[in-house]
Amino acid sequence: MSARAAWIEVDLDAVRHNVSYLSSLIGDAKIMVVVKANGYGHGAIQVAQAALEAGAHGLCVALVQEGVELRRAGIEAPILVFSEQPLEQIGEMISHGLIATAYSVGYIDALEHQARIRGVIGQEVHLKVDTGMNRVGCKPADAVELGGRILARAPELVLGGVYTHLASADDNDTSFTDSQIARFDSVLGNLQRAGIETGWVHIANSAATLRRADAHRDLVRVGIAMYGIAPDTSMDAMCSNLRQALSLKSRVSFIKKVSAGEGISYGQRYQVREATRIATIPLGYADGVPRRLSGVGGEVLIADQRFPIVGRVTMDQLMVDIGNSSIAVGDEVVLLGSQGQETITPNDWGQVLDTIGYEIVCGLSARLGRVYR
């Protein structure tokens, strides 16, 4: 079938550039790039391959099936699964050579059992310590016991790393991040005194990679920054050397004249004040364009100009007021990305919708084709 008139473009050179730039900030540390959620909507396999070509050490995913997909694509680099997975998936994780995360006694024992019955020696496990995020991870006081338990399950298991996750590294107030790093360093000291070799030590996410040299350690785990998106709008200046990899594009499908006072879209809550021309763009909230984007100042780029989205975004279409411009059916429309001197970022949408750029790109639908260049 021919491609529809709405698509995502992913600039893989931008991904490579971003990985190289971030690598230049971290000294001898290595980069693990986060490609969960289909590479934050960009395409996990293609992004992973580009990042590895640019020197990334390995990859991080949230689900066993995400790691298996990468393996089946021929990717042999280290792949860390971020949390303990359902027990019935442990065997598949081990069979595909994925690195496990553990933070409970029962899970460590299940890892050892599944490795042993498969004849696997040296299944790598990273111990996750919760230093204040209060999502997953062991309590700092339990780290020595759990680290020792992993070591005791040799030769089937090997403690390949110890890590934590920073909850607010993108915040200009560094006090909580300071406390998390201090707690983690205390855990590392306890492990060292107990004679437990930690393997790879990693703390930094994208925000800490950019602003906290004291958090770089052996590895950094880079997600949103690799895609050229600032972790927070307060960090835009720090991200000026990054290049946005994703563009969301479409084409004008229809144009009609509308008289003053006429309403646009469902509910007729938007009425034009004077006669104008309305362009229809063939994508909507089923594609990941938030339904209320029109009510908070959402815009698109056409012919290097900004035009407002008007009326409610519908499931498959949205409308734009193009006034008396010379826009024509078939003209390219940029919803996210650059056209001429203008740029719309995922964080721009995030700001007006009271959310974050992460949610915007992760919410882009699978029915949008991805074009890689």
# chains A, B, ... in the order shown; residues from 1 in each chain; ligands from 1
call {"tool": "residues_around", "arguments": {"residues": "A:Asp331", "least_positions_apart": "6", "cutoff": "8 Å", "atoms": "only C-alpha atoms", "output": "ChimeraX atom specification"}}
result
/A:251-252,302-303
call {"tool": "residues_around", "arguments": {"residues": "stretch 6-11 of chain A", "least_positions_apart": "3", "cutoff": "10 Å", "atoms": "only C-alpha atoms", "output": "PDB file with C-alpha atoms, in the first residue's frame"}}
result
ATOM      1  CA  ALA A   3       2.140   5.528   2.491  1.00  0.00           C
ATOM      2  CA  ALA A  14      20.928  13.207  14.783  1.00  0.00           C
ATOM      3  CA  VAL A  15      20.899  10.139  17.038  1.00  0.00           C
ATOM      4  CA  ARG A  16      24.541   9.415  16.202  1.00  0.00           C
ATOM      5  CA  GLY A  41       8.363   6.304  19.771  1.00  0.00           C
ATOM      6  CA  HIS A  42      11.308   6.645  17.380  1.00  0.00           C
ATOM      7  CA  GLY A  43      11.768   2.940  16.575  1.00  0.00           C
ATOM      8  CA  GLN A  46      16.836   1.542  14.148  1.00  0.00           C
ATOM      9  CA  VAL A  47      17.750   3.880  17.004  1.00  0.00           C
ATOM     10  CA  ALA A  50      22.538   4.033  15.150  1.00  0.00           C
ATOM     11  CA  TYR A 227      16.636  11.764  21.001  1.00  0.00           C
ATOM     12  CA  ARG A 243      19.621  17.682  17.604  1.00  0.00           C
ATOM     13  CA  GLN A 244      15.953  16.705  17.686  1.00  0.00           C
ATOM     14  CA  ALA A 245      15.732  13.381  15.885  1.00  0.00           C
ATOM     15  CA  LEU A 246      11.975  13.093  15.371  1.00  0.00           C
ATOM     16  CA  SER A 247       9.658  15.046  13.101  1.00  0.00           C
ATOM     17  CA  LEU A 248       5.906  14.506  12.805  1.00  0.00           C
ATOM     18  CA  LYS A 249       4.665  15.484   9.366  1.00  0.00           C
ATOM     19  CA  SER A 250       1.574  15.424   7.192  1.00  0.00           C
ATOM     20  CA  ARG A 251       0.116  17.118   4.109  1.00  0.00           C
ATOM     21  CA  VAL A 252      -2.827  19.422   3.646  1.00  0.00           C
ATOM     22  CA  ILE A 281      -4.741  17.835   8.083  1.00  0.00           C
ATOM     23  CA  PRO A 282      -5.264  14.043   7.988  1.00  0.00           C
ATOM     24  CA  LEU A 283      -4.112  12.946  11.435  1.00  0.00           C
ATOM     25  CA  GLY A 284      -5.583  13.216  14.913  1.00  0.00           C
ATOM     26  CA  ASP A 287      -2.114   9.141  15.918  1.00  0.00           C
ATOM     27  CA  GLU A 332       3.819  19.685   3.747  1.00  0.00           C
ATOM     28  CA  VAL A 333       2.761  20.241   7.348  1.00  0.00           C
ATOM     29  CA  VAL A 334       5.150  19.911  10.307  1.00  0.00           C
ATOM     30  CA  LEU A 335       3.562  19.266  13.692  1.00  0.00           C
ATOM     31  CA  LEU A 336       6.831  18.410  15.471  1.00  0.00           C
ATOM     32  CA  GLY A 337      10.191  19.347  14.009  1.00  0.00           C
ATOM     33  CA  LEU A 364       2.758   8.697  18.896  1.00  0.00           C
ATOM     34  CA  SER A 365       0.746   5.877  17.375  1.00  0.00           C
ATOM     35  CA  ARG A 367      -0.256   3.549  12.725  1.00  0.00           C
ATOM     36  CA  LEU A 368       2.082   6.398  11.767  1.00  0.00           C
ATOM     37  CA  GLY A 369       4.747   5.067   9.449  1.00  0.00           C
ATOM     38  CA  ARG A 370       8.374   5.728  10.443  1.00  0.00           C
ATOM     39  CA  VAL A 371      10.743   6.966   7.768  1.00  0.00           C
ATOM     40  CA  TYR A 372      14.461   6.787   8.593  1.00  0.00           C
ATOM     41  CA  ARG A 373      17.117   8.987   7.091  1.00  0.00           C
TER      42      ARG A 373
END
call {"tool": "closest_residue", "arguments": {"among": "A:Ala143, A:Leu293, A:Ala207, A:Ala167", "to": "A:Gln180", "atoms": "only C-alpha atoms"}}
result
A:Ala167
call {"tool": "residues_around", "arguments": {"residues": "A:Ile90", "least_positions_apart": "5", "cutoff": "10 Å", "atoms": "only C-alpha atoms", "output": "short mmCIF file (atom, residue, chain, number, x, y, z; two decimals) with N, CA and C atoms, in the first residue's frame"}}
result
data_model
loop_
_atom_site.label_atom_id
_atom_site.label_comp_id
_atom_site.auth_asym_id
_atom_site.auth_seq_id
_atom_site.Cartn_x
_atom_site.Cartn_y
_atom_site.Cartn_z
N VAL A 64 11.05 -7.68 28.88
CA VAL A 64 11.77 -8.80 28.25
C VAL A 64 11.51 -8.80 26.75
N GLU A 84 12.61 -6.13 37.80
CA GLU A 84 12.27 -7.54 37.90
C GLU A 84 11.05 -7.83 37.04
N GLN A 85 11.12 -8.91 36.27
CA GLN A 85 10.07 -9.26 35.32
C GLN A 85 9.23 -10.42 35.85
N SER A 95 17.67 -16.97 28.16
CA SER A 95 17.98 -17.61 26.88
C SER A 95 18.45 -16.61 25.82
N LEU A 98 19.95 -11.50 28.07
CA LEU A 98 19.65 -10.17 28.59
C LEU A 98 20.17 -10.04 30.02
N ALA A 100 19.77 -9.09 33.76
CA ALA A 100 18.64 -8.98 34.67
C ALA A 100 18.89 -7.89 35.72
N TYR A 107 13.43 -13.30 43.66
CA TYR A 107 13.78 -13.14 42.25
C TYR A 107 15.20 -13.62 41.98
N ALA A 110 15.03 -17.30 41.78
CA ALA A 110 14.41 -17.74 40.53
C ALA A 110 15.38 -17.59 39.36
N LEU A 111 16.17 -16.54 39.36
CA LEU A 111 17.19 -16.36 38.31
C LEU A 111 18.19 -17.51 38.35
N GLU A 112 18.65 -17.83 39.53
CA GLU A 112 19.64 -18.91 39.65
C GLU A 112 19.05 -20.23 39.18
N HIS A 113 17.80 -20.51 39.56
CA HIS A 113 17.16 -21.77 39.18
C HIS A 113 17.02 -21.88 37.66
N GLN A 114 16.54 -20.81 37.03
CA GLN A 114 16.34 -20.86 35.58
C GLN A 114 17.68 -20.93 34.84
N ALA A 115 18.71 -20.28 35.35
CA ALA A 115 20.03 -20.38 34.73
C ALA A 115 20.57 -21.80 34.84
#
call {"tool": "residues_around", "arguments": {"residues": "A:Ala51", "least_positions_apart": "4", "cutoff": "9 Å", "atoms": "only C-alpha atoms", "output": "PDB file with C-alpha atoms, in the first residue's frame"}}
result
ATOM      1  CA  LEU A  12      19.474   8.721  12.542  1.00  0.00           C
ATOM      2  CA  VAL A  15      20.899  10.139  17.038  1.00  0.00           C
ATOM      3  CA  ARG A  16      24.541   9.415  16.202  1.00  0.00           C
ATOM      4  CA  HIS A  17      25.468  13.057  16.790  1.00  0.00           C
ATOM      5  CA  ASN A  18      23.715  13.106  20.159  1.00  0.00           C
ATOM      6  CA  VAL A  19      25.414   9.921  21.349  1.00  0.00           C
ATOM      7  CA  SER A  20      28.800  11.275  20.294  1.00  0.00           C
ATOM      8  CA  VAL A  33      21.122   4.129  25.692  1.00  0.00           C
ATOM      9  CA  GLN A  46      16.836   1.542  14.148  1.00  0.00           C
ATOM     10  CA  VAL A  47      17.750   3.880  17.004  1.00  0.00           C
ATOM     11  CA  GLY A  55      29.904   4.162  20.238  1.00  0.00           C
ATOM     12  CA  ALA A  56      27.217   3.315  22.787  1.00  0.00           C
ATOM     13  CA  HIS A  57      28.252   0.428  25.036  1.00  0.00           C
ATOM     14  CA  GLY A  58      24.825  -1.130  25.352  1.00  0.00           C
ATOM     15  CA  LEU A  59      21.062  -0.718  25.573  1.00  0.00           C
ATOM     16  CA  MET A 226      19.764  10.860  22.947  1.00  0.00           C
TER      17      MET A 226
END
